[in-house]
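Working notes, structure below.
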Amino acid sequence: MRKFIFFVAVFIFSSPLFAQEIGKVVKAKDVALTGAPADTAPKHWLVQGTGSLSFSQAAFSNWAAGGQNSIGFTAFINLKANYRKGKNVWGNTIDIGYGFQIQGKAKNAIFNKTNDKIELTSAYGYDLHPNKKWDLTVLVNFRTQFANGYNYPNDSIPISKFMSPGYLVAGIGITYAPAKWFYLYISPVSGRFTFVIDDTLSKHGSFGVDAGKKLRVEMGPYLRTDLNKDLSKTINLSTTLELFTDYFKDFGNIDVNWSLLLTMKVNKWLAASIATQLIYDNDVMIQTDPTEPAGPEPSSRNF
């Protein structure tokens, strides 16, 4: 049983999608500052959206080199509605994605979920200084998933479901943005609410919620820093670091969520990306071996 995960992925031709354990609470703040219309614009609302739908299939028949039949599907949509007027900035985002892959034939086919994400973020900012580098910021973030998750190859017992977990994070703090490519958000008091509404998962005390309970409330300081900078004409570095600790339980035991994306453009048709993500949450245990026993007591079961 390990509490520490380190994941590295390399993708060609596409950017990675991240699933984060700690809510991306202040992402909408940056979106609001860069995406909202100027104060002098006749319309103060700016609504934008992007989406993607992809399908893949591989079939083998009498293929000496071997291989497995597969069908894949991926879809995502991202919507933004941003408002700016005077010193007021309000940013809203909806980020939804789902994907799966089926490998094998007929009864032997194996279903694997490749992406599953529902995220809603809203952030309101008010300029505190004429230089527009200091803002008072109120942020709300909600995250959950569509479908059941499994610890493959065991696909008989779900380890996560819709609203199990669900995360709601809300906070008020100060944002310092000295440049367009960097900002720092600090909140002395942020609330983090973890929902596990499924009776079975709740009984086992999943995702840090006490066994038999369906809600866990945490309150503590929260810090996030974002950097997105071009290192050269063809290389971009994007990294985000989030830190949170609970005032009332194990204060000083810091939850960490650090992601990094390095994108390198080879030419107008080809690009390569290297992505890393490090997550540490003392309250969420990870079962790294599917054959490993989950534990004698429900409250000690690890996911």
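Quick note on naming: the chains in the structure tokens go A, B, ... in the order shown, residues restart at 1 in each chain, and ligands are numbered from 1 in order of appearance.
All residues in region 67-291 of chain A with a DSSP state of alpha helix (DSSP H), computed from the backbone, read A:Asp199, A:Thr200, A:Leu201, A:Ser202, A:Lys203.
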I'd like a table as CSV: residues in region 136-195 of chain A with an atom no more than 9 Å from region 229-244 of chain A, each row giving the shortest atom pair and its distance in Å to one decimal, only C-alpha atoms counted, sorted by chain and rising residue number.
```
residue,atom,partner,partner_atom,distance
A:Lys180,CA,A:Lys229,CA,8.9
A:Trp181,CA,A:Lys229,CA,5.6
A:Phe182,CA,A:Lys229,CA,8.0
A:Ser190,CA,A:Phe244,CA,8.8
```
Using backbone DSSP assignments, extract all strand (DSSP E) residues from region 1-215 of chain A; output them as a short mmCIF file (atom, residue, chain, number, x, y, z; two decimals) with C-alpha atoms, in the first residue's frame.
```cif
data_model
loop_
_atom_site.label_atom_id
_atom_site.label_comp_id
_atom_site.auth_asym_id
_atom_site.auth_seq_id
_atom_site.Cartn_x
_atom_site.Cartn_y
_atom_site.Cartn_z
CA PHE A 4 2.50 8.42 -3.05
CA ILE A 5 1.95 8.42 -6.78
CA PHE A 6 4.26 9.59 -9.51
CA PHE A 7 3.02 9.43 -13.07
CA VAL A 8 4.91 10.33 -16.23
CA ALA A 9 3.41 10.22 -19.70
CA VAL A 10 4.73 11.15 -23.14
CA PHE A 11 2.24 11.96 -25.89
CA ILE A 12 2.82 12.74 -29.57
CA TRP A 45 -19.45 39.33 -21.65
CA LEU A 46 -17.22 37.07 -23.72
CA VAL A 47 -18.45 33.51 -24.33
CA GLN A 48 -16.17 30.93 -25.95
CA GLY A 49 -16.10 27.18 -26.36
CA THR A 50 -14.06 24.31 -27.77
CA GLY A 51 -14.83 20.63 -28.21
CA SER A 52 -13.52 17.42 -29.69
CA LEU A 53 -14.93 14.05 -30.67
CA SER A 54 -12.65 11.21 -31.80
CA PHE A 55 -13.12 7.53 -32.63
CA SER A 56 -10.57 4.80 -33.35
CA GLN A 57 -10.77 1.15 -34.31
CA ALA A 58 -8.25 -1.63 -34.95
CA SER A 70 -9.92 -2.48 -30.14
CA ILE A 71 -12.42 0.34 -30.27
CA GLY A 72 -11.75 3.74 -28.71
CA PHE A 73 -13.85 6.83 -28.12
CA THR A 74 -12.91 10.21 -26.64
CA ALA A 75 -14.91 13.41 -26.29
CA PHE A 76 -14.47 16.67 -24.42
CA ILE A 77 -16.00 20.12 -24.29
CA ASN A 78 -14.73 23.31 -22.67
CA LEU A 79 -16.95 26.38 -22.30
CA LYS A 80 -15.97 29.79 -20.92
CA ALA A 81 -18.13 32.77 -20.01
CA ASN A 82 -16.11 35.76 -18.81
CA TYR A 83 -17.21 39.21 -17.66
CA ARG A 84 -15.21 42.40 -17.12
CA LYS A 85 -16.38 45.87 -16.16
CA ASN A 88 -14.76 43.68 -11.57
CA VAL A 89 -13.78 40.44 -13.28
CA TRP A 90 -15.86 37.27 -13.25
CA GLY A 91 -14.68 34.06 -14.95
CA ASN A 92 -16.68 30.83 -15.39
CA THR A 93 -15.59 27.55 -16.98
CA ILE A 94 -17.22 24.20 -17.70
CA ASP A 95 -14.80 21.37 -18.47
CA ILE A 96 -16.31 17.98 -19.37
CA GLY A 97 -14.59 14.92 -20.84
CA TYR A 98 -15.15 11.19 -21.26
CA GLY A 99 -13.28 8.43 -23.07
CA PHE A 100 -12.95 4.65 -23.15
CA GLN A 101 -11.25 1.79 -24.98
CA ILE A 102 -12.53 -1.75 -25.56
CA GLN A 103 -9.92 -4.42 -26.29
CA ILE A 110 -12.08 -5.68 -21.78
CA PHE A 111 -13.48 -2.20 -21.17
CA ASN A 112 -11.08 0.48 -19.90
CA LYS A 113 -12.05 4.04 -19.07
CA THR A 114 -9.42 6.47 -20.35
CA ASN A 115 -10.93 9.80 -19.26
CA ASP A 116 -13.83 10.86 -17.04
CA LYS A 117 -14.21 14.43 -15.85
CA ILE A 118 -16.83 16.95 -14.80
CA GLU A 119 -15.45 20.27 -13.56
CA LEU A 120 -17.19 23.59 -12.95
CA THR A 121 -15.24 26.67 -11.83
CA SER A 122 -16.30 30.23 -11.03
CA ALA A 123 -14.03 33.04 -9.86
CA TYR A 124 -14.75 36.66 -9.03
CA GLY A 125 -11.92 39.19 -8.76
CA TYR A 126 -11.80 42.83 -7.68
CA ASP A 127 -8.77 45.00 -8.38
CA TRP A 134 -3.23 42.66 -6.72
CA ASP A 135 -6.79 41.31 -6.62
CA LEU A 136 -9.24 40.17 -3.99
CA THR A 137 -10.49 36.82 -5.29
CA VAL A 138 -13.41 34.57 -4.40
CA LEU A 139 -13.21 31.11 -5.95
CA VAL A 140 -15.51 28.08 -6.17
CA ASN A 141 -14.63 24.77 -7.83
CA PHE A 142 -16.66 21.56 -8.17
CA ARG A 143 -15.41 18.23 -9.57
CA THR A 144 -16.74 14.71 -10.00
CA GLY A 166 -17.27 14.69 -5.46
CA TYR A 167 -15.17 17.70 -4.47
CA LEU A 168 -16.32 21.23 -3.70
CA VAL A 169 -13.69 23.83 -2.83
CA ALA A 170 -14.41 27.46 -1.99
CA GLY A 171 -12.08 30.17 -0.75
CA ILE A 172 -11.34 33.86 -0.52
CA GLY A 173 -7.84 35.23 -0.87
CA ILE A 174 -5.37 37.49 -2.63
CA THR A 175 -3.97 37.04 -6.12
CA TYR A 176 -0.64 38.54 -7.15
CA ALA A 177 0.00 38.62 -10.91
CA PRO A 178 3.18 40.57 -11.75
CA ALA A 179 3.25 39.19 -15.31
CA PHE A 182 2.86 33.98 -13.67
CA TYR A 183 0.48 34.43 -10.76
CA LEU A 184 0.29 33.45 -7.11
CA TYR A 185 -2.92 32.93 -5.14
CA ILE A 186 -2.97 32.68 -1.34
CA SER A 187 -6.07 32.01 0.74
CA PRO A 188 -5.81 31.91 4.55
CA VAL A 189 -9.21 30.17 4.80
CA SER A 190 -10.52 27.77 2.16
CA GLY A 191 -13.15 25.12 2.64
CA ARG A 192 -12.81 21.71 1.04
CA PHE A 193 -15.83 19.37 0.99
CA THR A 194 -15.50 15.73 -0.07
CA PHE A 195 -18.69 13.81 -0.94
CA LEU A 215 -19.34 14.13 3.71
#
```
**Request:** In Å, rounded to a single decimal, give me how far CA of Thr245 (chain A) is from CA of Leu128 (chain A).
**Result:**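 Calculated distance between CA of Leu128 (chain A) and CA of Thr245 (chain A) is 26.8 Å.
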